[in-house]
Structure formats: C-alpha cells, structure tokens
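Coordinates as given in upload.pdb (PDB, C-alpha atoms):
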ATOM      1  CA  MET C  30       7.884 -29.136  26.317
ATOM      2  CA  ALA C  31       7.849 -25.337  26.541
ATOM      3  CA  ALA C  32       4.767 -23.713  25.074
ATOM      4  CA  GLU C  33       6.850 -21.423  22.858
ATOM      5  CA  LYS C  34       8.311 -24.440  21.011
ATOM      6  CA  SER C  35       4.942 -26.097  20.358
ATOM      7  CA  HIS C  36       2.350 -25.639  17.645
ATOM      8  CA  ILE C  37      -0.552 -26.274  20.054
ATOM      9  CA  HIS C  38      -0.393 -25.774  23.808
ATOM     10  CA  VAL C  39      -3.505 -26.200  25.956
ATOM     11  CA  GLN C  40      -3.331 -25.566  29.706
ATOM     12  CA  ASP C  41      -6.151 -26.132  32.231
ATOM     13  CA  VAL C  42      -8.884 -25.217  29.743
ATOM     14  CA  TRP C  43     -12.560 -25.159  30.714
ATOM     15  CA  ARG C  44     -15.611 -24.474  28.580
ATOM     16  CA  ARG C  45     -18.952 -23.666  30.169
ATOM     17  CA  TYR C  46     -22.408 -23.586  28.610
ATOM     18  CA  GLY C  47     -25.484 -21.892  30.052
ATOM     19  CA  THR C  48     -26.085 -18.862  32.235
ATOM     20  CA  ALA C  49     -26.796 -18.043  35.882
ATOM     21  CA  ARG C  50     -27.478 -21.210  37.900
ATOM     22  CA  LYS C  51     -28.152 -23.441  34.875
ATOM     23  CA  THR C  52     -24.645 -24.183  33.631
ATOM     24  CA  PHE C  53     -22.680 -27.180  32.433
ATOM     25  CA  ASP C  54     -18.909 -27.566  32.064
ATOM     26  CA  ALA C  55     -18.373 -29.542  28.869
ATOM     27  CA  VAL C  56     -14.568 -29.250  29.121
ATOM     28  CA  ARG C  57     -13.004 -29.499  32.579
ATOM     29  CA  GLY C  58      -9.334 -28.656  33.009
ATOM     30  CA  VAL C  59      -7.988 -30.149  29.780
ATOM     31  CA  GLY C  60      -4.300 -29.789  28.948
ATOM     32  CA  PHE C  61      -1.948 -31.160  26.267
ATOM     33  CA  THR C  62       0.836 -30.106  23.916
ATOM     34  CA  VAL C  63       1.311 -30.896  20.221
ATOM     35  CA  ARG C  64       4.785 -30.547  18.755
ATOM     36  CA  PRO C  65       5.508 -29.254  15.234
ATOM     37  CA  GLY C  66       4.896 -31.973  12.645
ATOM     38  CA  GLU C  67       3.121 -34.265  15.102
ATOM     39  CA  LEU C  68      -0.278 -35.902  14.620
ATOM     40  CA  PHE C  69      -2.279 -35.783  17.844
ATOM     41  CA  ALA C  70      -5.554 -37.729  18.067
ATOM     42  CA  LEU C  71      -8.292 -36.697  20.472
ATOM     43  CA  LEU C  72     -10.652 -39.566  21.283
ATOM     44  CA  GLY C  73     -13.598 -39.729  23.598
ATOM     45  CA  THR C  74     -16.972 -41.126  24.459
ATOM     46  CA  ASN C  75     -20.072 -39.370  23.113
ATOM     47  CA  GLY C  76     -20.399 -35.995  24.789
ATOM     48  CA  ALA C  77     -16.865 -36.180  26.168
ATOM     49  CA  GLY C  78     -16.049 -32.622  25.057
ATOM     50  CA  LYS C  79     -13.918 -33.278  21.961
ATOM     51  CA  THR C  80     -15.740 -30.917  19.614
ATOM     52  CA  SER C  81     -15.996 -28.222  22.292
ATOM     53  CA  THR C  82     -12.226 -28.462  22.743
ATOM     54  CA  VAL C  83     -11.515 -28.286  19.008
ATOM     55  CA  GLU C  84     -13.811 -25.261  18.596
ATOM     56  CA  MET C  85     -11.716 -23.410  21.169
ATOM     57  CA  LEU C  86      -8.500 -24.385  19.381
ATOM     58  CA  GLU C  87      -9.962 -23.055  16.136
ATOM     59  CA  GLY C  88     -10.879 -19.746  17.760
ATOM     60  CA  LEU C  89     -14.626 -20.292  17.355
ATOM     61  CA  ALA C  90     -15.116 -19.956  21.112
ATOM     62  CA  ALA C  91     -13.042 -18.656  24.009
ATOM     63  CA  PRO C  92     -12.342 -20.863  27.039
ATOM     64  CA  HIS C  93     -14.185 -20.070  30.249
ATOM     65  CA  ARG C  94     -10.782 -20.275  31.911
ATOM     66  CA  GLY C  95      -7.315 -21.585  31.131
ATOM     67  CA  SER C  96      -5.145 -20.766  28.123
ATOM     68  CA  ILE C  97      -4.613 -21.938  24.544
ATOM     69  CA  ARG C  98      -1.619 -20.926  22.432
ATOM     70  CA  LEU C  99      -0.875 -21.751  18.810
ATOM     71  CA  PHE C 100       2.575 -21.379  17.247
ATOM     72  CA  GLY C 101       4.034 -20.681  20.662
ATOM     73  CA  THR C 102       2.444 -17.392  21.665
ATOM     74  CA  LEU C 103      -0.720 -16.709  19.631
ATOM     75  CA  ASP C 104      -4.204 -16.763  21.137
ATOM     76  CA  PRO C 105      -6.784 -18.419  18.804
ATOM     77  CA  VAL C 106      -9.365 -15.690  19.484
ATOM     78  CA  ALA C 107      -7.323 -12.523  20.041
ATOM     79  CA  ASP C 108      -4.806 -13.309  17.282
ATOM     80  CA  ARG C 109      -7.220 -14.905  14.829
ATOM     81  CA  ALA C 110      -6.167 -12.666  11.923
ATOM     82  CA  ARG C 111      -2.545 -13.841  12.271
ATOM     83  CA  ILE C 112      -3.433 -17.494  12.850
ATOM     84  CA  ARG C 113      -6.065 -18.016  10.173
ATOM     85  CA  PRO C 114      -3.704 -17.970   7.120
ATOM     86  CA  ARG C 115      -1.578 -20.689   8.756
ATOM     87  CA  THR C 116      -4.353 -23.103   9.724
ATOM     88  CA  GLY C 117      -6.925 -25.323   8.063
ATOM     89  CA  ALA C 118     -10.054 -26.790   9.613
ATOM     90  CA  MET C 119     -12.364 -29.611   8.660
ATOM     91  CA  LEU C 120     -15.509 -29.386  10.760
ATOM     92  CA  GLN C 121     -17.906 -32.244  11.495
ATOM     93  CA  GLU C 122     -20.328 -30.835   8.923
ATOM     94  CA  GLY C 123     -19.560 -28.564   5.989
ATOM     95  CA  GLY C 124     -21.970 -25.754   5.115
ATOM     96  CA  PHE C 125     -21.972 -26.238   1.364
ATOM     97  CA  ILE C 126     -24.297 -24.652  -1.191
ATOM     98  CA  SER C 127     -26.098 -27.674  -2.598
ATOM     99  CA  HIS C 128     -26.544 -26.486  -6.195
ATOM    100  CA  LEU C 129     -22.846 -25.673  -6.778
ATOM    101  CA  THR C 130     -20.570 -28.337  -8.240
ATOM    102  CA  ALA C 131     -17.585 -29.702  -6.342
ATOM    103  CA  GLN C 132     -15.279 -27.629  -8.563
ATOM    104  CA  GLU C 133     -17.299 -24.463  -8.068
ATOM    105  CA  THR C 134     -17.366 -25.021  -4.304
ATOM    106  CA  VAL C 135     -13.582 -25.369  -4.057
ATOM    107  CA  GLY C 136     -13.167 -22.389  -6.391
ATOM    108  CA  MET C 137     -15.387 -20.236  -4.199
ATOM    109  CA  TRP C 138     -13.367 -21.139  -1.085
ATOM    110  CA  ALA C 139     -10.102 -20.609  -2.954
ATOM    111  CA  GLY C 140     -11.186 -17.018  -3.509
ATOM    112  CA  LEU C 141     -11.394 -16.562   0.252
ATOM    113  CA  THR C 142      -8.119 -18.327   1.071
ATOM    114  CA  THR C 143      -4.608 -16.935   1.420
ATOM    115  CA  ARG C 144      -2.266 -18.455  -1.201
ATOM    116  CA  PRO C 145      -4.572 -21.351  -2.177
ATOM    117  CA  ARG C 146      -3.378 -24.339  -4.168
ATOM    118  CA  PRO C 147      -4.958 -24.763  -7.660
ATOM    119  CA  VAL C 148      -8.546 -26.000  -7.589
ATOM    120  CA  ALA C 149      -7.791 -28.983  -9.818
ATOM    121  CA  GLN C 150      -4.923 -30.017  -7.546
ATOM    122  CA  ALA C 151      -7.099 -29.741  -4.440
ATOM    123  CA  LEU C 152      -9.767 -31.956  -6.020
ATOM    124  CA  GLU C 153      -7.198 -34.486  -7.197
ATOM    125  CA  ARG C 154      -5.561 -34.760  -3.763
ATOM    126  CA  ALA C 155      -8.975 -35.413  -2.212
ATOM    127  CA  GLY C 156      -9.849 -38.051  -4.834
ATOM    128  CA  LEU C 157     -12.631 -35.964  -6.376
ATOM    129  CA  SER C 158     -11.310 -35.140  -9.856
ATOM    130  CA  HIS C 159     -13.824 -37.488 -11.467
ATOM    131  CA  ARG C 160     -16.659 -35.782  -9.533
ATOM    132  CA  ALA C 161     -15.625 -32.178 -10.196
ATOM    133  CA  ALA C 162     -18.723 -31.383 -12.283
ATOM    134  CA  VAL C 163     -21.187 -33.054  -9.897
ATOM    135  CA  MET C 164     -23.435 -30.855  -7.739
ATOM    136  CA  VAL C 165     -22.822 -31.061  -4.003
ATOM    137  CA  ARG C 166     -26.358 -32.329  -3.399
ATOM    138  CA  ASN C 167     -25.575 -35.361  -5.569
ATOM    139  CA  LEU C 168     -22.355 -36.296  -3.779
ATOM    140  CA  SER C 169     -22.383 -39.168  -1.304
ATOM    141  CA  GLY C 170     -21.736 -38.522   2.380
ATOM    142  CA  GLY C 171     -18.181 -39.779   2.046
ATOM    143  CA  GLU C 172     -17.552 -37.595  -1.005
ATOM    144  CA  ARG C 173     -18.765 -34.542   0.882
ATOM    145  CA  ARG C 174     -16.250 -35.338   3.623
ATOM    146  CA  ARG C 175     -13.512 -35.471   0.981
ATOM    147  CA  LEU C 176     -14.735 -32.121  -0.326
ATOM    148  CA  ASP C 177     -14.426 -30.794   3.239
ATOM    149  CA  LEU C 178     -10.846 -32.060   3.299
ATOM    150  CA  ALA C 179     -10.013 -30.473  -0.059
ATOM    151  CA  ILE C 180     -11.155 -27.089   1.299
ATOM    152  CA  ALA C 181      -9.373 -27.538   4.650
ATOM    153  CA  THR C 182      -6.042 -28.128   2.888
ATOM    154  CA  LEU C 183      -6.346 -25.384   0.255
ATOM    155  CA  SER C 184      -3.850 -23.096   1.974
ATOM    156  CA  HIS C 185      -0.957 -25.515   2.699
ATOM    157  CA  PRO C 186      -1.699 -25.156   6.455
ATOM    158  CA  ASP C 187       0.987 -25.377   9.124
ATOM    159  CA  VAL C 188      -1.666 -26.644  11.558
ATOM    160  CA  LEU C 189      -4.678 -28.671  10.433
ATOM    161  CA  PHE C 190      -7.734 -29.491  12.550
ATOM    162  CA  LEU C 191      -9.646 -32.580  11.413
ATOM    163  CA  ASP C 192     -12.929 -33.240  13.226
ATOM    164  CA  GLU C 193     -14.141 -36.763  12.331
ATOM    165  CA  PRO C 194     -12.556 -36.583   8.848
ATOM    166  CA  THR C 195     -13.601 -40.055   7.635
ATOM    167  CA  ALA C 196     -17.122 -40.217   9.069
ATOM    168  CA  GLY C 197     -19.489 -41.588   6.426
ATOM    169  CA  MET C 198     -16.709 -42.879   4.156
ATOM    170  CA  ASP C 199     -16.462 -46.441   2.922
ATOM    171  CA  VAL C 200     -13.343 -48.491   3.686
ATOM    172  CA  GLU C 201     -11.617 -47.520   0.431
ATOM    173  CA  GLY C 202     -12.276 -43.816   0.967
ATOM    174  CA  ARG C 203     -11.112 -44.016   4.567
ATOM    175  CA  HIS C 204      -7.781 -45.586   3.655
ATOM    176  CA  ALA C 205      -7.263 -43.104   0.806
ATOM    177  CA  THR C 206      -7.872 -40.262   3.272
ATOM    178  CA  TRP C 207      -5.350 -41.780   5.685
ATOM    179  CA  GLN C 208      -2.772 -41.716   2.912
ATOM    180  CA  LEU C 209      -3.513 -38.052   2.255
ATOM    181  CA  ILE C 210      -3.202 -37.238   5.964
ATOM    182  CA  ARG C 211       0.127 -39.088   6.177
ATOM    183  CA  GLY C 212       1.355 -37.151   3.147
ATOM    184  CA  LEU C 213       0.455 -33.838   4.774
ATOM    185  CA  GLN C 214       2.292 -34.802   7.934
ATOM    186  CA  GLU C 215       5.369 -35.912   5.962
ATOM    187  CA  ARG C 216       5.455 -32.400   4.472
ATOM    188  CA  GLY C 217       5.534 -30.909   7.973
ATOM    189  CA  THR C 218       1.887 -30.158   8.770
ATOM    190  CA  THR C 219       0.920 -30.454  12.427
ATOM    191  CA  ILE C 220      -2.421 -32.251  12.697
ATOM    192  CA  LEU C 221      -5.005 -32.504  15.454
ATOM    193  CA  LEU C 222      -7.531 -35.228  14.709
ATOM    194  CA  THR C 223     -10.742 -36.273  16.433
ATOM    195  CA  THR C 224     -12.208 -39.639  15.507
ATOM    196  CA  HIS C 225     -14.511 -42.414  16.665
ATOM    197  CA  TYR C 226     -12.515 -44.964  14.682
ATOM    198  CA  LEU C 227      -9.936 -46.454  17.050
ATOM    199  CA  GLU C 228      -8.146 -48.122  14.134
ATOM    200  CA  GLU C 229      -7.709 -44.678  12.616
ATOM    201  CA  ALA C 230      -6.056 -43.338  15.764
ATOM    202  CA  GLU C 231      -3.824 -46.415  16.089
ATOM    203  CA  SER C 232      -2.726 -46.117  12.466
ATOM    204  CA  LEU C 233      -2.075 -42.364  12.350
ATOM    205  CA  ALA C 234      -1.384 -40.880  15.778
ATOM    206  CA  ASP C 235       2.026 -40.086  17.264
ATOM    207  CA  GLN C 236       0.315 -39.128  20.526
ATOM    208  CA  LEU C 237      -3.314 -39.249  21.639
ATOM    209  CA  ALA C 238      -5.618 -38.437  24.506
ATOM    210  CA  ILE C 239      -8.878 -40.085  25.541
ATOM    211  CA  MET C 240     -11.499 -37.709  26.927
ATOM    212  CA  HIS C 241     -14.310 -38.728  29.251
ATOM    213  CA  ARG C 242     -16.867 -36.386  30.828
ATOM    214  CA  GLY C 243     -14.893 -33.300  29.849
ATOM    215  CA  ARG C 244     -11.535 -34.459  31.187
ATOM    216  CA  ILE C 245      -8.519 -36.289  29.764
ATOM    217  CA  ALA C 246      -8.630 -39.781  31.234
ATOM    218  CA  ALA C 247      -5.534 -41.177  29.463
ATOM    219  CA  SER C 248      -2.827 -39.733  27.245
ATOM    220  CA  GLY C 249       0.448 -40.699  25.572
ATOM    221  CA  SER C 250       1.502 -42.871  22.664
ATOM    222  CA  VAL C 251      -0.632 -45.903  21.761
ATOM    223  CA  PRO C 252       1.891 -48.317  23.390
ATOM    224  CA  ASP C 253       1.935 -46.141  26.535
ATOM    225  CA  ILE C 254      -1.848 -46.175  26.822
ATOM    226  CA  VAL C 255      -2.382 -49.888  26.153
ATOM    227  CA  ALA C 256       0.524 -50.982  28.366
ATOM    228  CA  GLY C 257      -1.642 -51.057  31.471
ATOM    229  CA  HIS C 258      -4.305 -53.287  29.909
ATOM    230  CA  PRO C 259      -4.244 -57.082  29.639
ATOM    231  CA  SER C 260      -3.749 -59.299  26.610
ATOM    232  CA  THR C 261      -5.777 -62.459  25.951
ATOM    233  CA  LEU C 262      -5.200 -66.057  24.904
ATOM    234  CA  SER C 263      -8.187 -68.016  23.651
ATOM    235  CA  PHE C 264      -8.572 -71.686  22.659
ATOM    236  CA  GLY C 265     -10.673 -74.807  22.937
ATOM    237  CA  LEU C 266      -9.509 -77.351  25.518
ATOM    238  CA  PRO C 267     -10.387 -81.022  24.924
ATOM    239  CA  GLU C 268     -11.474 -83.451  27.615
ATOM    240  CA  PRO C 269     -10.334 -84.642  30.087
ATOM    241  CA  TRP C 270      -8.303 -81.480  30.604
ATOM    242  CA  ALA C 271      -9.744 -78.572  32.611
ATOM    243  CA  ALA C 272      -8.895 -74.905  32.904
ATOM    244  CA  GLY C 273      -7.382 -75.508  36.335
ATOM    245  CA  ASP C 274      -4.673 -77.695  34.782
ATOM    246  CA  LEU C 275      -3.153 -74.854  32.771
ATOM    247  CA  PRO C 276       0.295 -73.477  33.752
ATOM    248  CA  VAL C 277      -0.413 -69.789  33.252
ATOM    249  CA  ALA C 278      -0.025 -66.732  35.463
ATOM    250  CA  GLY C 279      -3.060 -64.929  34.049
ATOM    251  CA  THR C 280      -6.729 -65.173  34.980
ATOM    252  CA  VAL C 281      -8.485 -68.169  33.410
ATOM    253  CA  ALA C 282     -12.169 -68.283  32.431
ATOM    254  CA  GLU C 283     -14.118 -70.990  30.603
ATOM    255  CA  HIS C 284     -17.383 -70.598  28.697
ATOM    256  CA  ASN C 285     -19.081 -72.966  26.252
ATOM    257  CA  GLY C 286     -15.943 -75.048  25.921
ATOM    258  CA  ARG C 287     -13.780 -72.042  25.129
ATOM    259  CA  VAL C 288     -10.984 -71.006  27.506
ATOM    260  CA  THR C 289      -9.847 -67.381  27.797
ATOM    261  CA  VAL C 290      -6.662 -66.401  29.612
ATOM    262  CA  THR C 291      -6.384 -62.722  30.535
ATOM    263  CA  THR C 292      -2.743 -61.893  31.135
ATOM    264  CA  GLY C 293      -0.211 -59.138  31.541
ATOM    265  CA  GLU C 294       2.521 -61.529  30.339
ATOM    266  CA  LEU C 295       1.321 -62.570  26.887
ATOM    267  CA  GLN C 296       4.598 -63.964  25.571
ATOM    268  CA  LYS C 297       5.454 -65.926  28.732
ATOM    269  CA  ASP C 298       1.973 -67.364  29.217
ATOM    270  CA  ALA C 299       1.701 -68.289  25.528
ATOM    271  CA  ALA C 300       5.083 -70.062  25.712
ATOM    272  CA  ARG C 301       4.133 -71.915  28.906
ATOM    273  CA  LEU C 302       0.793 -72.972  27.467
ATOM    274  CA  LEU C 303       2.157 -74.197  24.128
ATOM    275  CA  ALA C 304       4.991 -76.114  25.844
ATOM    276  CA  TRP C 305       2.455 -77.734  28.204
ATOM    277  CA  ALA C 306       0.205 -78.737  25.297
ATOM    278  CA  GLU C 307       3.140 -80.088  23.242
ATOM    279  CA  ALA C 308       4.400 -82.233  26.130
ATOM    280  CA  ARG C 309       0.943 -83.801  26.573
ATOM    281  CA  ASP C 310      -0.061 -83.959  22.910
ATOM    282  CA  VAL C 311      -3.042 -81.677  23.587
ATOM    283  CA  ALA C 312      -4.623 -79.892  20.619
ATOM    284  CA  LEU C 313      -5.684 -76.338  21.529
ATOM    285  CA  ALA C 314      -8.478 -75.683  19.038
ATOM    286  CA  ARG C 315      -8.514 -72.319  17.220
ATOM    287  CA  PHE C 316      -5.703 -70.966  19.400
ATOM    288  CA  THR C 317      -5.438 -67.159  19.247
ATOM    289  CA  ALA C 318      -3.213 -64.667  21.034
ATOM    290  CA  ARG C 319      -4.383 -61.058  21.096
ATOM    291  CA  PRO C 320      -2.218 -58.288  22.552
ATOM    292  CA  ALA C 321      -3.701 -55.418  24.526
ATOM    293  CA  SER C 322      -5.310 -52.875  22.217
ATOM    294  CA  LEU C 323      -6.510 -49.302  22.193
ATOM    295  CA  GLU C 324     -10.041 -50.681  22.165
ATOM    296  CA  GLU C 325      -9.593 -52.238  25.611
ATOM    297  CA  ALA C 326      -8.147 -48.998  26.947
ATOM    298  CA  PHE C 327     -11.012 -46.995  25.456
ATOM    299  CA  VAL C 328     -13.683 -49.356  26.816
ATOM    300  CA  ALA C 329     -12.074 -49.188  30.265
ATOM    301  CA  VAL C 330     -12.268 -45.380  30.183
ATOM    302  CA  ALA C 331     -15.844 -45.403  28.869
ATOM    303  CA  GLY C 332     -16.905 -47.703  31.705
ATOM    304  CA  ARG C 333     -15.655 -45.447  34.472
ATOM    305  CA  ASP C 334     -18.158 -44.056  36.989
ATOM    306  CA  GLY C 335     -20.455 -47.011  36.265
ATOM    307  CA  GLY C 336     -22.378 -44.923  33.751
ATOM    308  CA  ARG C 337     -23.260 -42.332  36.401
ATOM    309  CA  GLN C 338     -24.217 -38.948  34.969
ATOM    310  CA  GLU C 339     -22.453 -35.916  36.371
ATOM    311  CA  GLU C 340     -24.318 -32.808  37.354
ATOM    312  CA  GLY C 341     -23.667 -29.430  35.824
ATOM    313  CA  ALA C 342     -21.368 -26.988  37.578
TER     314      ALA C 342
END
Using structure tokens, write down the structure from this file.
Amino acid sequence: MAAEKSHIHVQDVWRRYGTARKTFDAVRGVGFTVRPGELFALLGTNGAGKTSTVEMLEGLAAPHRGSIRLFGTLDPVADRARIRPRTGAMLQEGGFISHLTAQETVGMWAGLTTRPRPVAQALERAGLSHRAAVMVRNLSGGERRRLDLAIATLSHPDVLFLDEPTAGMDVEGRHATWQLIRGLQERGTTILLTTHYLEEAESLADQLAIMHRGRIAASGSVPDIVAGHPSTLSFGLPEPWAAGDLPVAGTVAEHNGRVTVTTGELQKDAARLLAWAEARDVALARFTARPASLEEAFVAVAGRDGGRQEEGA
C-alpha cells in the first residue's frame, strides 16, 4: 500500500540509545503500514522495542534513521503541531496529579485538548462515571488505566496509540475496554495497540507484528501468522494399544499415559484417529483437539537465538 494512502507508514526505522562507542539499537530496521480504520497490534518479548517504536510514532523521539509518516505525508516530529489534534495516546503510565478527582483530571486535560468531548461523556465511555468524585490516588490500577483511556479519546482521534491499555485491569474491566476499542474502530478510528495479552491481540487485531530483539520477526493477520505452526491432538490411550499403532501423519509423543499428536493436518489426523478408534471400540480418554494459536507462534519467536543476548551496535 502506498504511504500516502495510509494512516501510519513506517519504513526501515532504527532507534539508538547511548553515545560514542557505548550504544545500543533498540529498534533495528522496523517497517509496517496501517490502513485507515485498521487496528494493528504490536507484540513482542520484553525489551523487544515496542515502546521505543511507539514513542517514535507519537513524535516523542526521532528515529536514528528511516522514516515515519502519519496521514500519508506528515512527520511525527517535524509536523507535530498538525498531527497532535488528530491523534490520541495512552502511554504505559499516566502522569496524574494524585489529589485531583477523576472528573477534575479529565476536565484539566479537556482544557488542553482541541474540540474535546464532554467530561461526563468521557468518564461514562471509560466506565468511570461512578468514580468521578474519587481522587486519583484512591483509584485502583485498572481504574487508572481507564482514566488514561478516557483522556486519550477526549479529542475523537483519527489515530489512537494504545500502549498496554488493559495492564492491571481485572477480566471484567479488560473486556469492557475491548468493547470500547471496538466501538472506536467502528467509528473509523485507526488504532495501534501494544499488548502482552495474546488473547487481546487475537480478539481485536486486523493485522499484527511480533517484535523480537528490535526487529519484526513475524507479521500479518492472525491466521497468516499461526498457519506455519502445528496443531495438537491429545488423549489417553488404553492398553494394549501403543502410540505406534495410531494412523496419523503427525509426530506422536507419549508421557504419563497421555498421547500428544503434533500435526499440520488437524482435521485429517483427527478424522483418521477417531475412525480408527471407532472401528476398534477404543475409548480415547479426555480427547482434545487444539488448533495452532498465536501463543505457539509467539513462543516460537521468543525462543529464537536460544536466549543469546545481542551486543550493542
């Protein structure tokens, strides 16, 4: 896709820390494109460079080399004054004043925001109406994240950056936040999301990228990324049958009476196995079939290099 038709276009971007001979490249040649109205998830192992990448997209730091363009042609640093009214950002940690209430905090930010939505509406959308009069210092960690989100979406942004938006939330708060994010996307907001919750990426993302050691190790839709990873069949096999008797194409392993078949042909191997068991009246205890998942793809990326640490540039 041409950069001028995208909302976010990143090309061969590097970010370097340090000076003189003591330097480290936290981001190493990253590139991706996010289309208008798309939700793009950026995943990665700890220290993979996700936050460094997002900070450059937000204009908080310039790349050491490479280019970033928002809305087709605008540079996040040089054109910050033109970009800022059209974007919202939810950082990993909000710098709130602890003795202000949630309502006062949103009101203060509304005074600094171009065309903000009403404070009461912002609190309601973030699920904080019932906590409006509570001081920030008395909010839970999850509630503070929702307050972050209320502020990030004050201006009806065309592009929204969400850095670990549901960190610290309970399950109910996380799912409520997902609904809010889906609603924003349905209204046309382009969203770039970083998260450690793989379920969150699977549920929300149109496209995603997995970063590892400063580079993008895998990218595409969830089905694209998991396609190259095996599915599993698992069951108990009664005596006198053995794993070697099974008519499957996948790799068979047995441990503590439990058989696991790792396969790239889940449907065919499951059909073969069930037909074999039916013909011989064999009961496969606690039979489960699990398709390839984003978790397997992520673990495969995280395990690259055998845990070897890379040197700085």
**Message:** Assuming the chain letters and numbering stay as they are in my file, what does the PyMOL selection byres ((chain C and resi 125-137) around 10) actually select? List them as a VMD selection string.
**Reply:** chain C and resid 122 to 124 138 to 142 145 147 to 149 151 to 152 157 to 158 160 to 168 172 to 173 176 to 177 179 to 181 183
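The nearest approach to C:Val39 among the residues C:Thr62, C:Ser184, C:Gln236, C:Thr74, with all atoms listed in the file taken into account, belongs to C:Thr62.
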Stretch 233-263 of chain C near stretch 82-87 of chain C within 12 Å: what's each residue's closest atom pair and its distance in Å to one decimal, counting all atoms listed in the file, ordered by chain then ascending residue number, as a Markdown table?
| residue | atom | partner | partner_atom | distance |
| --- | --- | --- | --- | --- |
| C:Met240 | CA | C:Thr82 | CA | 10.2 |
| C:Gly243 | CA | C:Thr82 | CA | 9.0 |
| C:Arg244 | CA | C:Thr82 | CA | 10.4 |
| C:Ile245 | CA | C:Thr82 | CA | 11.1 |
Given only C-alpha atoms, how would the per-residue table for stretch 158-235 of chain C near stretch 252-260 of chain C read, listing every residue at most 12 Å away with its closest atom pair and distance in Å to one decimal, sorted by chain and number, as CSV?
residue,atom,partner,partner_atom,distance
C:Glu231,CA,C:Pro252,CA,9.5
C:Ala234,CA,C:Pro252,CA,11.1
C:Asp235,CA,C:Pro252,CA,10.3
Dump C-alpha atoms for the selected residues as an mmCIF file, keeping the file's coordinate frame?
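Saved file part_14.cif follows:
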data_model
loop_
_atom_site.group_PDB
_atom_site.id
_atom_site.type_symbol
_atom_site.label_atom_id
_atom_site.label_comp_id
_atom_site.auth_asym_id
_atom_site.auth_seq_id
_atom_site.Cartn_x
_atom_site.Cartn_y
_atom_site.Cartn_z
ATOM 1 C CA GLU C 231 -3.824 -46.415 16.089
ATOM 2 C CA ALA C 234 -1.384 -40.880 15.778
ATOM 3 C CA ASP C 235 2.026 -40.086 17.264
#
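Minimum atom-to-atom distance to C:Arg113, evaluated using all atoms listed in the file, belongs to C:Phe190 out of C:Phe264, C:Phe190, C:Tyr46, C:Phe61.
Nearest to C:Leu99 of all the residues C:Val59, C:Ala205, C:Ala272, C:Leu221 is C:Leu221, based on only C-alpha atoms.
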Evaluate the PyMOL selection byres ((chain C and resi 206) around 12) here and jot the selected residues down as an mmCIF file with C-alpha atoms, keeping the file's coordinate frame.
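That gives us selection04.cif:
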data_model
loop_
_atom_site.group_PDB
_atom_site.id
_atom_site.type_symbol
_atom_site.label_atom_id
_atom_site.label_comp_id
_atom_site.auth_asym_id
_atom_site.auth_seq_id
_atom_site.Cartn_x
_atom_site.Cartn_y
_atom_site.Cartn_z
ATOM 1 C CA GLU C 153 -7.198 -34.486 -7.197
ATOM 2 C CA ARG C 154 -5.561 -34.760 -3.763
ATOM 3 C CA ALA C 155 -8.975 -35.413 -2.212
ATOM 4 C CA GLY C 156 -9.849 -38.051 -4.834
ATOM 5 C CA LEU C 157 -12.631 -35.964 -6.376
ATOM 6 C CA GLY C 171 -18.181 -39.779 2.046
ATOM 7 C CA GLU C 172 -17.552 -37.595 -1.005
ATOM 8 C CA ARG C 174 -16.250 -35.338 3.623
ATOM 9 C CA ARG C 175 -13.512 -35.471 0.981
ATOM 10 C CA LEU C 176 -14.735 -32.121 -0.326
ATOM 11 C CA ASP C 177 -14.426 -30.794 3.239
ATOM 12 C CA LEU C 178 -10.846 -32.060 3.299
ATOM 13 C CA ALA C 179 -10.013 -30.473 -0.059
ATOM 14 C CA LEU C 191 -9.646 -32.580 11.413
ATOM 15 C CA GLU C 193 -14.141 -36.763 12.331
ATOM 16 C CA PRO C 194 -12.556 -36.583 8.848
ATOM 17 C CA THR C 195 -13.601 -40.055 7.635
ATOM 18 C CA ALA C 196 -17.122 -40.217 9.069
ATOM 19 C CA MET C 198 -16.709 -42.879 4.156
ATOM 20 C CA ASP C 199 -16.462 -46.441 2.922
ATOM 21 C CA VAL C 200 -13.343 -48.491 3.686
ATOM 22 C CA GLU C 201 -11.617 -47.520 0.431
ATOM 23 C CA GLY C 202 -12.276 -43.816 0.967
ATOM 24 C CA ARG C 203 -11.112 -44.016 4.567
ATOM 25 C CA HIS C 204 -7.781 -45.586 3.655
ATOM 26 C CA ALA C 205 -7.263 -43.104 0.806
ATOM 27 C CA TRP C 207 -5.350 -41.780 5.685
ATOM 28 C CA GLN C 208 -2.772 -41.716 2.912
ATOM 29 C CA LEU C 209 -3.513 -38.052 2.255
ATOM 30 C CA ILE C 210 -3.202 -37.238 5.964
ATOM 31 C CA ARG C 211 0.127 -39.088 6.177
ATOM 32 C CA GLY C 212 1.355 -37.151 3.147
ATOM 33 C CA LEU C 213 0.455 -33.838 4.774
ATOM 34 C CA GLU C 229 -7.709 -44.678 12.616
ATOM 35 C CA LEU C 233 -2.075 -42.364 12.350
#
**Request:** Would you kindly return, as a PyMOL selection string, each protein, DNA or RNA residue with an atom no farther than 12 Å from any atom of stretch 103-111 of chain C, considering all atoms listed in the file and excluding same-chain residues fewer than 6 positions away?
**Result:** chain C and resi 32-39+83-92+95-97+143
Based on the selection just made, write C-alpha atoms of those residues as a PDB file, in the coordinates of the input.
ATOM      1  CA  ALA C  32       4.767 -23.713  25.074  1.00  0.00           C
ATOM      2  CA  GLU C  33       6.850 -21.423  22.858  1.00  0.00           C
ATOM      3  CA  LYS C  34       8.311 -24.440  21.011  1.00  0.00           C
ATOM      4  CA  SER C  35       4.942 -26.097  20.358  1.00  0.00           C
ATOM      5  CA  HIS C  36       2.350 -25.639  17.645  1.00  0.00           C
ATOM      6  CA  ILE C  37      -0.552 -26.274  20.054  1.00  0.00           C
ATOM      7  CA  HIS C  38      -0.393 -25.774  23.808  1.00  0.00           C
ATOM      8  CA  VAL C  39      -3.505 -26.200  25.956  1.00  0.00           C
ATOM      9  CA  VAL C  83     -11.515 -28.286  19.008  1.00  0.00           C
ATOM     10  CA  GLU C  84     -13.811 -25.261  18.596  1.00  0.00           C
ATOM     11  CA  MET C  85     -11.716 -23.410  21.169  1.00  0.00           C
ATOM     12  CA  LEU C  86      -8.500 -24.385  19.381  1.00  0.00           C
ATOM     13  CA  GLU C  87      -9.962 -23.055  16.136  1.00  0.00           C
ATOM     14  CA  GLY C  88     -10.879 -19.746  17.760  1.00  0.00           C
ATOM     15  CA  LEU C  89     -14.626 -20.292  17.355  1.00  0.00           C
ATOM     16  CA  ALA C  90     -15.116 -19.956  21.112  1.00  0.00           C
ATOM     17  CA  ALA C  91     -13.042 -18.656  24.009  1.00  0.00           C
ATOM     18  CA  PRO C  92     -12.342 -20.863  27.039  1.00  0.00           C
ATOM     19  CA  GLY C  95      -7.315 -21.585  31.131  1.00  0.00           C
ATOM     20  CA  SER C  96      -5.145 -20.766  28.123  1.00  0.00           C
ATOM     21  CA  ILE C  97      -4.613 -21.938  24.544  1.00  0.00           C
ATOM     22  CA  THR C 143      -4.608 -16.935   1.420  1.00  0.00           C
TER      23      THR C 143
END
**Request:** Show which residues sit within 7 Å of C:Gly58, as a list in words. Count all atoms listed in the file, and ignore same-chain residues fewer than 6 positions away.
**Result:** Asp41, Val42, Trp43 and Arg244 of chain C
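The environment of stretch 298-305 of chain C within 8 Å, counting only C-alpha atoms and disregarding residues fewer than 3 places along the same chain, consists of Leu262, Leu275, Pro276, Val277, Ala278, Gly279, Thr292, Glu294, Leu295, Ala308, Arg309 and Ala318 of chain C.
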